[in-house]
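One file, entry32.pdb, carrying PDB, C-alpha atoms:
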ATOM      1  CA  MET A   1      69.306 -71.099  59.992  1.00  0.00           C
ATOM      2  CA  PHE A   2      66.571 -68.976  61.641  1.00  0.00           C
ATOM      3  CA  HIS A   3      66.674 -70.843  64.954  1.00  0.00           C
ATOM      4  CA  ILE A   4      66.546 -67.849  67.327  1.00  0.00           C
ATOM      5  CA  SER A   5      63.285 -67.617  69.284  1.00  0.00           C
ATOM      6  CA  LEU A   6      64.025 -64.712  71.637  1.00  0.00           C
ATOM      7  CA  SER A   7      62.448 -61.288  71.406  1.00  0.00           C
ATOM      8  CA  ILE A   8      64.788 -58.451  70.430  1.00  0.00           C
ATOM      9  CA  PHE A   9      63.133 -56.247  73.056  1.00  0.00           C
ATOM     10  CA  SER A  10      65.292 -56.248  76.155  1.00  0.00           C
ATOM     11  CA  GLN A  11      65.266 -52.524  76.890  1.00  0.00           C
ATOM     12  CA  THR A  12      61.764 -51.225  76.489  1.00  0.00           C
ATOM     13  CA  ARG A  13      58.266 -52.579  76.758  1.00  0.00           C
ATOM     14  CA  ALA A  14      56.845 -49.339  75.324  1.00  0.00           C
ATOM     15  CA  LEU A  15      58.549 -49.816  71.972  1.00  0.00           C
ATOM     16  CA  GLU A  16      57.409 -53.426  71.837  1.00  0.00           C
ATOM     17  CA  ASN A  17      53.812 -52.359  72.457  1.00  0.00           C
ATOM     18  CA  LYS A  18      53.929 -49.732  69.711  1.00  0.00           C
ATOM     19  CA  ILE A  19      55.298 -52.170  67.159  1.00  0.00           C
ATOM     20  CA  ASP A  20      52.629 -54.688  68.171  1.00  0.00           C
ATOM     21  CA  LEU A  21      49.966 -52.011  67.711  1.00  0.00           C
ATOM     22  CA  PHE A  22      51.404 -51.167  64.310  1.00  0.00           C
ATOM     23  CA  HIS A  23      51.049 -54.782  63.191  1.00  0.00           C
ATOM     24  CA  ASP A  24      47.498 -54.777  64.569  1.00  0.00           C
ATOM     25  CA  LYS A  25      46.684 -51.737  62.414  1.00  0.00           C
ATOM     26  CA  LEU A  26      47.878 -53.583  59.338  1.00  0.00           C
ATOM     27  CA  ILE A  27      45.686 -56.573  60.134  1.00  0.00           C
ATOM     28  CA  ASP A  28      42.735 -54.219  60.698  1.00  0.00           C
ATOM     29  CA  ALA A  29      43.383 -52.643  57.306  1.00  0.00           C
ATOM     30  CA  THR A  30      43.356 -56.010  55.526  1.00  0.00           C
ATOM     31  CA  MET A  31      39.995 -57.000  57.002  1.00  0.00           C
ATOM     32  CA  THR A  32      38.397 -53.600  56.419  1.00  0.00           C
ATOM     33  CA  PHE A  33      39.657 -53.523  52.843  1.00  0.00           C
ATOM     34  CA  LYS A  34      38.084 -56.873  51.968  1.00  0.00           C
ATOM     35  CA  LYS A  35      34.781 -55.796  53.480  1.00  0.00           C
ATOM     36  CA  ALA A  36      34.865 -52.418  51.750  1.00  0.00           C
ATOM     37  CA  ILE A  37      35.359 -53.821  48.255  1.00  0.00           C
ATOM     38  CA  ARG A  38      32.561 -56.350  48.783  1.00  0.00           C
ATOM     39  CA  VAL A  39      30.246 -53.547  49.842  1.00  0.00           C
ATOM     40  CA  TYR A  40      31.235 -51.417  46.844  1.00  0.00           C
ATOM     41  CA  LEU A  41      30.547 -54.224  44.381  1.00  0.00           C
ATOM     42  CA  GLU A  42      27.137 -54.820  45.968  1.00  0.00           C
ATOM     43  CA  GLU A  43      26.067 -51.239  46.660  1.00  0.00           C
ATOM     44  CA  GLY A  44      28.389 -48.855  44.844  1.00  0.00           C
ATOM     45  CA  ARG A  45      29.411 -45.689  46.676  1.00  0.00           C
ATOM     46  CA  SER A  46      26.832 -46.136  49.412  1.00  0.00           C
ATOM     47  CA  ASP A  47      26.873 -44.765  52.944  1.00  0.00           C
ATOM     48  CA  SER A  48      28.209 -48.109  54.113  1.00  0.00           C
ATOM     49  CA  TYR A  49      31.094 -47.868  51.672  1.00  0.00           C
ATOM     50  CA  ARG A  50      31.836 -44.284  52.716  1.00  0.00           C
ATOM     51  CA  LYS A  51      32.071 -45.399  56.344  1.00  0.00           C
ATOM     52  CA  LEU A  52      34.442 -48.239  55.494  1.00  0.00           C
ATOM     53  CA  SER A  53      36.577 -45.956  53.343  1.00  0.00           C
ATOM     54  CA  LYS A  54      36.811 -43.471  56.220  1.00  0.00           C
ATOM     55  CA  GLN A  55      37.625 -46.332  58.585  1.00  0.00           C
ATOM     56  CA  ILE A  56      40.629 -47.316  56.480  1.00  0.00           C
ATOM     57  CA  LYS A  57      41.707 -43.673  56.329  1.00  0.00           C
ATOM     58  CA  LEU A  58      41.576 -43.556  60.138  1.00  0.00           C
ATOM     59  CA  ILE A  59      43.623 -46.767  60.374  1.00  0.00           C
ATOM     60  CA  GLU A  60      46.169 -45.259  57.987  1.00  0.00           C
ATOM     61  CA  HIS A  61      46.287 -42.043  60.045  1.00  0.00           C
ATOM     62  CA  ASP A  62      46.793 -43.963  63.299  1.00  0.00           C
ATOM     63  CA  ALA A  63      49.501 -46.114  61.695  1.00  0.00           C
ATOM     64  CA  ASP A  64      51.347 -43.003  60.543  1.00  0.00           C
ATOM     65  CA  GLY A  65      51.314 -41.714  64.107  1.00  0.00           C
ATOM     66  CA  LEU A  66      52.647 -45.005  65.439  1.00  0.00           C
ATOM     67  CA  ARG A  67      55.354 -45.085  62.766  1.00  0.00           C
ATOM     68  CA  ARG A  68      56.547 -41.611  63.760  1.00  0.00           C
ATOM     69  CA  ASP A  69      56.519 -42.556  67.451  1.00  0.00           C
ATOM     70  CA  ILE A  70      58.540 -45.705  66.758  1.00  0.00           C
ATOM     71  CA  GLU A  71      61.066 -43.767  64.702  1.00  0.00           C
ATOM     72  CA  ASN A  72      61.404 -41.056  67.347  1.00  0.00           C
ATOM     73  CA  ASN A  73      61.816 -43.619  70.134  1.00  0.00           C
ATOM     74  CA  LEU A  74      64.498 -45.501  68.237  1.00  0.00           C
ATOM     75  CA  TYR A  75      66.568 -42.354  67.741  1.00  0.00           C
ATOM     76  CA  THR A  76      65.953 -40.260  70.843  1.00  0.00           C
ATOM     77  CA  GLN A  77      66.297 -43.170  73.280  1.00  0.00           C
ATOM     78  CA  ASN A  78      69.061 -44.951  71.353  1.00  0.00           C
ATOM     79  CA  LEU A  79      67.118 -48.222  71.414  1.00  0.00           C
ATOM     80  CA  ILE A  80      68.327 -51.454  69.737  1.00  0.00           C
ATOM     81  CA  PRO A  81      71.128 -49.540  67.913  1.00  0.00           C
ATOM     82  CA  ASP A  82      72.397 -52.633  66.075  1.00  0.00           C
ATOM     83  CA  LEU A  83      68.995 -53.187  64.473  1.00  0.00           C
ATOM     84  CA  ARG A  84      67.747 -49.618  64.251  1.00  0.00           C
ATOM     85  CA  ALA A  85      68.188 -49.145  60.510  1.00  0.00           C
ATOM     86  CA  ASP A  86      66.563 -52.493  59.714  1.00  0.00           C
ATOM     87  CA  VAL A  87      63.617 -51.866  62.031  1.00  0.00           C
ATOM     88  CA  LEU A  88      63.066 -48.398  60.572  1.00  0.00           C
ATOM     89  CA  GLN A  89      62.997 -49.806  57.037  1.00  0.00           C
ATOM     90  CA  LEU A  90      60.620 -52.602  58.041  1.00  0.00           C
ATOM     91  CA  VAL A  91      58.191 -50.195  59.688  1.00  0.00           C
ATOM     92  CA  GLU A  92      58.291 -47.829  56.707  1.00  0.00           C
ATOM     93  CA  ASN A  93      57.625 -50.714  54.308  1.00  0.00           C
ATOM     94  CA  LEU A  94      54.737 -51.995  56.426  1.00  0.00           C
ATOM     95  CA  ASP A  95      53.294 -48.497  56.292  1.00  0.00           C
ATOM     96  CA  LYS A  96      53.442 -48.578  52.488  1.00  0.00           C
ATOM     97  CA  VAL A  97      51.057 -51.543  52.440  1.00  0.00           C
ATOM     98  CA  ILE A  98      48.582 -49.788  54.732  1.00  0.00           C
ATOM     99  CA  ASN A  99      48.797 -46.752  52.457  1.00  0.00           C
ATOM    100  CA  LYS A 100      47.981 -48.927  49.450  1.00  0.00           C
ATOM    101  CA  PHE A 101      44.819 -50.228  51.097  1.00  0.00           C
ATOM    102  CA  ASP A 102      43.793 -46.626  51.707  1.00  0.00           C
ATOM    103  CA  GLU A 103      44.686 -45.551  48.162  1.00  0.00           C
ATOM    104  CA  VAL A 104      42.695 -48.336  46.494  1.00  0.00           C
ATOM    105  CA  THR A 105      39.563 -47.826  48.608  1.00  0.00           C
ATOM    106  CA  TYR A 106      39.704 -44.070  48.004  1.00  0.00           C
ATOM    107  CA  LYS A 107      40.183 -44.634  44.284  1.00  0.00           C
ATOM    108  CA  PHE A 108      36.990 -46.712  44.200  1.00  0.00           C
ATOM    109  CA  TYR A 109      35.252 -43.918  46.111  1.00  0.00           C
ATOM    110  CA  CYS A 110      36.586 -41.175  43.845  1.00  0.00           C
ATOM    111  CA  GLU A 111      36.322 -42.793  40.391  1.00  0.00           C
ATOM    112  CA  ARG A 112      33.184 -44.880  41.033  1.00  0.00           C
ATOM    113  CA  PRO A 113      33.948 -47.546  38.402  1.00  0.00           C
ATOM    114  CA  GLU A 114      31.064 -49.510  36.948  1.00  0.00           C
ATOM    115  CA  VAL A 115      31.976 -53.158  37.503  1.00  0.00           C
ATOM    116  CA  PRO A 116      29.908 -55.718  35.561  1.00  0.00           C
ATOM    117  CA  SER A 117      28.480 -58.402  37.833  1.00  0.00           C
ATOM    118  CA  GLU A 118      30.351 -61.178  36.008  1.00  0.00           C
ATOM    119  CA  TYR A 119      33.611 -59.824  37.454  1.00  0.00           C
ATOM    120  CA  HIS A 120      32.474 -59.408  41.056  1.00  0.00           C
ATOM    121  CA  THR A 121      33.497 -62.841  42.273  1.00  0.00           C
ATOM    122  CA  ARG A 122      36.916 -62.668  40.652  1.00  0.00           C
ATOM    123  CA  ILE A 123      37.631 -59.179  41.983  1.00  0.00           C
ATOM    124  CA  ASN A 124      36.636 -60.306  45.474  1.00  0.00           C
ATOM    125  CA  GLU A 125      38.928 -63.309  45.126  1.00  0.00           C
ATOM    126  CA  LEU A 126      41.789 -61.056  44.040  1.00  0.00           C
ATOM    127  CA  CYS A 127      41.148 -58.762  47.004  1.00  0.00           C
ATOM    128  CA  ASP A 128      41.157 -61.772  49.322  1.00  0.00           C
ATOM    129  CA  LEU A 129      44.506 -62.942  47.935  1.00  0.00           C
ATOM    130  CA  SER A 130      46.114 -59.519  48.285  1.00  0.00           C
ATOM    131  CA  ALA A 131      44.738 -59.115  51.800  1.00  0.00           C
ATOM    132  CA  GLU A 132      45.883 -62.602  52.783  1.00  0.00           C
ATOM    133  CA  CYS A 133      49.315 -61.822  51.393  1.00  0.00           C
ATOM    134  CA  ALA A 134      49.499 -58.662  53.513  1.00  0.00           C
ATOM    135  CA  GLU A 135      48.228 -60.490  56.591  1.00  0.00           C
ATOM    136  CA  ASN A 136      50.932 -63.157  56.353  1.00  0.00           C
ATOM    137  CA  MET A 137      53.470 -60.406  55.734  1.00  0.00           C
ATOM    138  CA  ALA A 138      52.386 -58.840  59.041  1.00  0.00           C
ATOM    139  CA  LYS A 139      52.738 -62.209  60.791  1.00  0.00           C
ATOM    140  CA  ALA A 140      56.218 -62.693  59.335  1.00  0.00           C
ATOM    141  CA  SER A 141      57.189 -59.213  60.466  1.00  0.00           C
ATOM    142  CA  ARG A 142      55.855 -59.801  63.966  1.00  0.00           C
ATOM    143  CA  ALA A 143      57.826 -63.058  64.103  1.00  0.00           C
ATOM    144  CA  PHE A 144      61.002 -61.149  63.231  1.00  0.00           C
ATOM    145  CA  PHE A 145      60.683 -59.294  66.517  1.00  0.00           C
ATOM    146  CA  ARG A 146      59.694 -62.307  68.606  1.00  0.00           C
ATOM    147  CA  ASP A 147      60.519 -65.662  67.028  1.00  0.00           C
ATOM    148  CA  LEU A 148      62.847 -65.912  64.034  1.00  0.00           C
ATOM    149  CA  SER A 149      62.035 -69.593  63.621  1.00  0.00           C
ATOM    150  CA  SER A 150      58.570 -68.648  62.299  1.00  0.00           C
ATOM    151  CA  VAL A 151      59.683 -65.993  59.815  1.00  0.00           C
ATOM    152  CA  ARG A 152      60.411 -68.394  56.958  1.00  0.00           C
ATOM    153  CA  ASP A 153      57.064 -70.216  57.292  1.00  0.00           C
ATOM    154  CA  TYR A 154      55.047 -67.027  56.961  1.00  0.00           C
ATOM    155  CA  SER A 155      57.365 -65.749  54.244  1.00  0.00           C
ATOM    156  CA  GLN A 156      56.800 -68.845  52.132  1.00  0.00           C
ATOM    157  CA  LYS A 157      53.069 -68.308  52.460  1.00  0.00           C
ATOM    158  CA  VAL A 158      53.482 -64.761  51.157  1.00  0.00           C
ATOM    159  CA  TYR A 159      55.465 -65.978  48.146  1.00  0.00           C
ATOM    160  CA  PHE A 160      52.880 -68.657  47.361  1.00  0.00           C
ATOM    161  CA  ILE A 161      49.886 -66.338  47.733  1.00  0.00           C
ATOM    162  CA  GLU A 162      51.574 -63.581  45.711  1.00  0.00           C
ATOM    163  CA  HIS A 163      52.060 -66.077  42.880  1.00  0.00           C
ATOM    164  CA  GLU A 164      48.356 -66.968  43.056  1.00  0.00           C
ATOM    165  CA  SER A 165      47.453 -63.266  43.108  1.00  0.00           C
ATOM    166  CA  ASP A 166      49.631 -62.568  40.095  1.00  0.00           C
ATOM    167  CA  ALA A 167      47.987 -65.372  38.123  1.00  0.00           C
ATOM    168  CA  ALA A 168      44.491 -64.243  39.115  1.00  0.00           C
ATOM    169  CA  SER A 169      45.308 -60.657  38.187  1.00  0.00           C
ATOM    170  CA  ARG A 170      46.569 -61.622  34.732  1.00  0.00           C
ATOM    171  CA  LYS A 171      43.559 -63.813  33.975  1.00  0.00           C
ATOM    172  CA  LEU A 172      41.120 -61.150  35.129  1.00  0.00           C
ATOM    173  CA  SER A 173      42.850 -58.464  33.070  1.00  0.00           C
ATOM    174  CA  GLU A 174      42.735 -60.711  30.010  1.00  0.00           C
ATOM    175  CA  ALA A 175      39.021 -61.349  30.529  1.00  0.00           C
ATOM    176  CA  ILE A 176      38.310 -57.632  30.846  1.00  0.00           C
ATOM    177  CA  PHE A 177      40.229 -56.694  27.702  1.00  0.00           C
ATOM    178  CA  ASP A 178      38.700 -59.594  25.739  1.00  0.00           C
ATOM    179  CA  SER A 179      35.203 -58.352  26.625  1.00  0.00           C
ATOM    180  CA  ASP A 180      32.912 -56.063  24.657  1.00  0.00           C
ATOM    181  CA  LEU A 181      33.207 -53.226  27.169  1.00  0.00           C
ATOM    182  CA  PRO A 182      34.148 -49.793  25.815  1.00  0.00           C
ATOM    183  CA  LEU A 183      37.900 -49.192  25.832  1.00  0.00           C
ATOM    184  CA  ALA A 184      37.644 -46.526  28.548  1.00  0.00           C
ATOM    185  CA  ASN A 185      35.911 -49.004  30.859  1.00  0.00           C
ATOM    186  CA  LYS A 186      38.497 -51.674  30.075  1.00  0.00           C
ATOM    187  CA  LEU A 187      41.347 -49.311  30.917  1.00  0.00           C
ATOM    188  CA  GLN A 188      39.712 -48.173  34.145  1.00  0.00           C
ATOM    189  CA  LEU A 189      38.930 -51.688  35.368  1.00  0.00           C
ATOM    190  CA  GLY A 190      42.357 -52.920  34.298  1.00  0.00           C
ATOM    191  CA  GLY A 191      43.890 -50.168  36.399  1.00  0.00           C
ATOM    192  CA  PHE A 192      41.928 -51.250  39.445  1.00  0.00           C
ATOM    193  CA  VAL A 193      42.977 -54.866  38.934  1.00  0.00           C
ATOM    194  CA  ASN A 194      46.616 -53.763  38.796  1.00  0.00           C
ATOM    195  CA  ASP A 195      46.205 -51.623  41.910  1.00  0.00           C
ATOM    196  CA  ILE A 196      44.759 -54.521  43.903  1.00  0.00           C
ATOM    197  CA  GLY A 197      47.480 -56.868  42.671  1.00  0.00           C
ATOM    198  CA  ASP A 198      50.149 -54.323  43.609  1.00  0.00           C
ATOM    199  CA  ILE A 199      49.275 -54.866  47.276  1.00  0.00           C
ATOM    200  CA  ALA A 200      50.496 -58.457  47.050  1.00  0.00           C
ATOM    201  CA  ASP A 201      53.560 -57.360  45.061  1.00  0.00           C
ATOM    202  CA  THR A 202      54.465 -54.848  47.769  1.00  0.00           C
ATOM    203  CA  ALA A 203      54.063 -57.536  50.428  1.00  0.00           C
ATOM    204  CA  GLU A 204      56.410 -59.785  48.473  1.00  0.00           C
ATOM    205  CA  ASP A 205      59.007 -56.997  48.250  1.00  0.00           C
ATOM    206  CA  PHE A 206      58.726 -56.551  52.007  1.00  0.00           C
ATOM    207  CA  ILE A 207      59.422 -60.248  52.558  1.00  0.00           C
ATOM    208  CA  ASP A 208      62.521 -60.078  50.356  1.00  0.00           C
ATOM    209  CA  SER A 209      63.952 -57.434  52.682  1.00  0.00           C
ATOM    210  CA  LEU A 210      62.716 -59.159  55.825  1.00  0.00           C
ATOM    211  CA  LEU A 211      64.510 -62.398  55.006  1.00  0.00           C
ATOM    212  CA  ILE A 212      67.769 -60.511  54.495  1.00  0.00           C
ATOM    213  CA  PHE A 213      67.370 -58.815  57.871  1.00  0.00           C
ATOM    214  CA  THR A 214      66.551 -62.184  59.430  1.00  0.00           C
ATOM    215  CA  ILE A 215      69.734 -63.749  58.074  1.00  0.00           C
ATOM    216  CA  LYS A 216      71.714 -60.817  59.496  1.00  0.00           C
ATOM    217  CA  ARG A 217      70.224 -61.441  62.942  1.00  0.00           C
ATOM    218  CA  ASP A 218      70.895 -65.153  62.772  1.00  0.00           C
ATOM    219  CA  VAL A 219      74.601 -65.065  61.897  1.00  0.00           C
TER     220      VAL A 219
END
Do you think you could lay out the structure here as structure tokens?
Amino acid sequence: MFHISLSIFSQTRALENKIDLFHDKLIDATMTFKKAIRVYLEEGRSDSYRKLSKQIKLIEHDADGLRRDIENNLYTQNLIPDLRADVLQLVENLDKVINKFDEVTYKFYCERPEVPSEYHTRINELCDLSAECAENMAKASRAFFRDLSSVRDYSQKVYFIEHESDAASRKLSEAIFDSDLPLANKLQLGGFVNDIGDIADTAEDFIDSLLIFTIKRDV
């Protein structure tokens, strides 16, 4: 199973380039997100954080444009008709992860939570896990278009990292609610922990669909 190593792009280089760029945007979002949260924990809503938050918003805006272009190309030029529905769903689901990076960074900007220093390391670790999960999701997705033999390897990494993220999220939430913080602070921080963990959950959902599409291509 999953032995095909040929690209599905036999008709158009332009579509291939746009899908490559879309994956690049997702990778950019993961790296910017990790940096942004580190800056927020160190500086709060500083000018540096504002710039990083705007940078993710720009990445999200550019990704939306690429997604629309890809969708239009697939329909108007009748490209890869046998895979069109699957490719459209994959691109839309990738876009959801980019949107989540944007939503979480904006939520930090908007709500300005006060995060006690004893949680900084663990929140950074959770952000790293979610970002790593999304990055391997992007690699698995890129492999779907170019080399099916690599899809399962990256997918297994996503499943493993998501499990680690889920465990880290639960332990951090328990620590927050076992603390002496006021209830309002506990609820706010717990919400942020869930939001960060949801990025990894969304990546896992994407992989579930991707593996089904991969099996369909390989039969």
List every protein, DNA or RNA residue that has an atom no more than 12 Å from (41.5, -60.6, 37.2) in the file's coordinate frame, counting only C-alpha atoms, and report them as JSON, numbers by chain. {"A": [118, 119, 120, 121, 122, 123, 124, 125, 126, 127, 129, 164, 165, 166, 167, 168, 169, 170, 171, 172, 173, 174, 175, 176, 177, 178, 186, 189, 190, 191, 192, 193, 194, 195, 196, 197]}
Could the residues in this selection be written to a file with C-alpha atoms, as a PDB file, in the coordinates of the input?
ATOM      1  CA  GLU A 118      30.351 -61.178  36.008  1.00  0.00           C
ATOM      2  CA  TYR A 119      33.611 -59.824  37.454  1.00  0.00           C
ATOM      3  CA  HIS A 120      32.474 -59.408  41.056  1.00  0.00           C
ATOM      4  CA  THR A 121      33.497 -62.841  42.273  1.00  0.00           C
ATOM      5  CA  ARG A 122      36.916 -62.668  40.652  1.00  0.00           C
ATOM      6  CA  ILE A 123      37.631 -59.179  41.983  1.00  0.00           C
ATOM      7  CA  ASN A 124      36.636 -60.306  45.474  1.00  0.00           C
ATOM      8  CA  GLU A 125      38.928 -63.309  45.126  1.00  0.00           C
ATOM      9  CA  LEU A 126      41.789 -61.056  44.040  1.00  0.00           C
ATOM     10  CA  CYS A 127      41.148 -58.762  47.004  1.00  0.00           C
ATOM     11  CA  LEU A 129      44.506 -62.942  47.935  1.00  0.00           C
ATOM     12  CA  GLU A 164      48.356 -66.968  43.056  1.00  0.00           C
ATOM     13  CA  SER A 165      47.453 -63.266  43.108  1.00  0.00           C
ATOM     14  CA  ASP A 166      49.631 -62.568  40.095  1.00  0.00           C
ATOM     15  CA  ALA A 167      47.987 -65.372  38.123  1.00  0.00           C
ATOM     16  CA  ALA A 168      44.491 -64.243  39.115  1.00  0.00           C
ATOM     17  CA  SER A 169      45.308 -60.657  38.187  1.00  0.00           C
ATOM     18  CA  ARG A 170      46.569 -61.622  34.732  1.00  0.00           C
ATOM     19  CA  LYS A 171      43.559 -63.813  33.975  1.00  0.00           C
ATOM     20  CA  LEU A 172      41.120 -61.150  35.129  1.00  0.00           C
ATOM     21  CA  SER A 173      42.850 -58.464  33.070  1.00  0.00           C
ATOM     22  CA  GLU A 174      42.735 -60.711  30.010  1.00  0.00           C
ATOM     23  CA  ALA A 175      39.021 -61.349  30.529  1.00  0.00           C
ATOM     24  CA  ILE A 176      38.310 -57.632  30.846  1.00  0.00           C
ATOM     25  CA  PHE A 177      40.229 -56.694  27.702  1.00  0.00           C
ATOM     26  CA  ASP A 178      38.700 -59.594  25.739  1.00  0.00           C
ATOM     27  CA  LYS A 186      38.497 -51.674  30.075  1.00  0.00           C
ATOM     28  CA  LEU A 189      38.930 -51.688  35.368  1.00  0.00           C
ATOM     29  CA  GLY A 190      42.357 -52.920  34.298  1.00  0.00           C
ATOM     30  CA  GLY A 191      43.890 -50.168  36.399  1.00  0.00           C
ATOM     31  CA  PHE A 192      41.928 -51.250  39.445  1.00  0.00           C
ATOM     32  CA  VAL A 193      42.977 -54.866  38.934  1.00  0.00           C
ATOM     33  CA  ASN A 194      46.616 -53.763  38.796  1.00  0.00           C
ATOM     34  CA  ASP A 195      46.205 -51.623  41.910  1.00  0.00           C
ATOM     35  CA  ILE A 196      44.759 -54.521  43.903  1.00  0.00           C
ATOM     36  CA  GLY A 197      47.480 -56.868  42.671  1.00  0.00           C
TER      37      GLY A 197
END
Counting only C-alpha atoms, which residues come within 12 Å of (56.5, -46.7, 63.6), with the point read in the file's coordinates, and could you list them as an mmCIF file with C-alpha atoms, in the coordinates of the input?
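Generated file (out_33.cif):
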data_model
loop_
_atom_site.group_PDB
_atom_site.id
_atom_site.type_symbol
_atom_site.label_atom_id
_atom_site.label_comp_id
_atom_site.auth_asym_id
_atom_site.auth_seq_id
_atom_site.Cartn_x
_atom_site.Cartn_y
_atom_site.Cartn_z
ATOM 1 C CA LEU A 15 58.549 -49.816 71.972
ATOM 2 C CA GLU A 16 57.409 -53.426 71.837
ATOM 3 C CA ASN A 17 53.812 -52.359 72.457
ATOM 4 C CA LYS A 18 53.929 -49.732 69.711
ATOM 5 C CA ILE A 19 55.298 -52.170 67.159
ATOM 6 C CA ASP A 20 52.629 -54.688 68.171
ATOM 7 C CA LEU A 21 49.966 -52.011 67.711
ATOM 8 C CA PHE A 22 51.404 -51.167 64.310
ATOM 9 C CA HIS A 23 51.049 -54.782 63.191
ATOM 10 C CA LYS A 25 46.684 -51.737 62.414
ATOM 11 C CA LEU A 26 47.878 -53.583 59.338
ATOM 12 C CA GLU A 60 46.169 -45.259 57.987
ATOM 13 C CA HIS A 61 46.287 -42.043 60.045
ATOM 14 C CA ASP A 62 46.793 -43.963 63.299
ATOM 15 C CA ALA A 63 49.501 -46.114 61.695
ATOM 16 C CA ASP A 64 51.347 -43.003 60.543
ATOM 17 C CA GLY A 65 51.314 -41.714 64.107
ATOM 18 C CA LEU A 66 52.647 -45.005 65.439
ATOM 19 C CA ARG A 67 55.354 -45.085 62.766
ATOM 20 C CA ARG A 68 56.547 -41.611 63.760
ATOM 21 C CA ASP A 69 56.519 -42.556 67.451
ATOM 22 C CA ILE A 70 58.540 -45.705 66.758
ATOM 23 C CA GLU A 71 61.066 -43.767 64.702
ATOM 24 C CA ASN A 72 61.404 -41.056 67.347
ATOM 25 C CA ASN A 73 61.816 -43.619 70.134
ATOM 26 C CA LEU A 74 64.498 -45.501 68.237
ATOM 27 C CA TYR A 75 66.568 -42.354 67.741
ATOM 28 C CA ARG A 84 67.747 -49.618 64.251
ATOM 29 C CA VAL A 87 63.617 -51.866 62.031
ATOM 30 C CA LEU A 88 63.066 -48.398 60.572
ATOM 31 C CA GLN A 89 62.997 -49.806 57.037
ATOM 32 C CA LEU A 90 60.620 -52.602 58.041
ATOM 33 C CA VAL A 91 58.191 -50.195 59.688
ATOM 34 C CA GLU A 92 58.291 -47.829 56.707
ATOM 35 C CA ASN A 93 57.625 -50.714 54.308
ATOM 36 C CA LEU A 94 54.737 -51.995 56.426
ATOM 37 C CA ASP A 95 53.294 -48.497 56.292
ATOM 38 C CA LYS A 96 53.442 -48.578 52.488
#
Segment 89-195 of chain A residues near segment 32-37 of chain A within 9 Å, closest pair each, using only C-alpha atoms, as JSON lines:
{"residue": "A:Phe101", "atom": "CA", "partner": "A:Phe33", "partner_atom": "CA", "distance": 6.4}
{"residue": "A:Asp102", "atom": "CA", "partner": "A:Phe33", "partner_atom": "CA", "distance": 8.1}
{"residue": "A:Val104", "atom": "CA", "partner": "A:Phe33", "partner_atom": "CA", "distance": 8.7}
{"residue": "A:Thr105", "atom": "CA", "partner": "A:Phe33", "partner_atom": "CA", "distance": 7.1}
{"residue": "A:Phe108", "atom": "CA", "partner": "A:Ile37", "partner_atom": "CA", "distance": 8.3}
{"residue": "A:Ile123", "atom": "CA", "partner": "A:Ile37", "partner_atom": "CA", "distance": 8.6}
{"residue": "A:Asn124", "atom": "CA", "partner": "A:Ile37", "partner_atom": "CA", "distance": 7.2}
{"residue": "A:Cys127", "atom": "CA", "partner": "A:Lys34", "partner_atom": "CA", "distance": 6.1}
{"residue": "A:Asp128", "atom": "CA", "partner": "A:Lys34", "partner_atom": "CA", "distance": 6.4}
{"residue": "A:Ala131", "atom": "CA", "partner": "A:Lys34", "partner_atom": "CA", "distance": 7.0}
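Relative to atom CA of Phe160 of chain A, atom CA of Ile207 of chain A is found at 11.9 Å.
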Can you sort out the box for segment 30-45 of chain A, edges along x, y and z, all listed atoms in, 5 Å on every side, with centre and edge lengths in Å to one decimal, as lines of an AutoDock Vina configuration file?
center_x = 34.7
center_y = -51.3
center_z = 50.7
size_x = 27.3
size_y = 21.3
size_z = 22.6
When you look at Arg45 of chain A with a cut-off of 12 Å (counting all atoms listed in the file), what residues show up, excluding the ones that are within fewer than 2 positions of it in the same chain? I need them as a ChimeraX atom specification. /A:36-43,47-53,105-114
Using the selection just defined, write its residues with C-alpha atoms as a PDB file, in the coordinates of the input.
ATOM      1  CA  ALA A  36      34.865 -52.418  51.750  1.00  0.00           C
ATOM      2  CA  ILE A  37      35.359 -53.821  48.255  1.00  0.00           C
ATOM      3  CA  ARG A  38      32.561 -56.350  48.783  1.00  0.00           C
ATOM      4  CA  VAL A  39      30.246 -53.547  49.842  1.00  0.00           C
ATOM      5  CA  TYR A  40      31.235 -51.417  46.844  1.00  0.00           C
ATOM      6  CA  LEU A  41      30.547 -54.224  44.381  1.00  0.00           C
ATOM      7  CA  GLU A  42      27.137 -54.820  45.968  1.00  0.00           C
ATOM      8  CA  GLU A  43      26.067 -51.239  46.660  1.00  0.00           C
ATOM      9  CA  ASP A  47      26.873 -44.765  52.944  1.00  0.00           C
ATOM     10  CA  SER A  48      28.209 -48.109  54.113  1.00  0.00           C
ATOM     11  CA  TYR A  49      31.094 -47.868  51.672  1.00  0.00           C
ATOM     12  CA  ARG A  50      31.836 -44.284  52.716  1.00  0.00           C
ATOM     13  CA  LYS A  51      32.071 -45.399  56.344  1.00  0.00           C
ATOM     14  CA  LEU A  52      34.442 -48.239  55.494  1.00  0.00           C
ATOM     15  CA  SER A  53      36.577 -45.956  53.343  1.00  0.00           C
ATOM     16  CA  THR A 105      39.563 -47.826  48.608  1.00  0.00           C
ATOM     17  CA  TYR A 106      39.704 -44.070  48.004  1.00  0.00           C
ATOM     18  CA  LYS A 107      40.183 -44.634  44.284  1.00  0.00           C
ATOM     19  CA  PHE A 108      36.990 -46.712  44.200  1.00  0.00           C
ATOM     20  CA  TYR A 109      35.252 -43.918  46.111  1.00  0.00           C
ATOM     21  CA  CYS A 110      36.586 -41.175  43.845  1.00  0.00           C
ATOM     22  CA  GLU A 111      36.322 -42.793  40.391  1.00  0.00           C
ATOM     23  CA  ARG A 112      33.184 -44.880  41.033  1.00  0.00           C
ATOM     24  CA  PRO A 113      33.948 -47.546  38.402  1.00  0.00           C
ATOM     25  CA  GLU A 114      31.064 -49.510  36.948  1.00  0.00           C
TER      26      GLU A 114
END
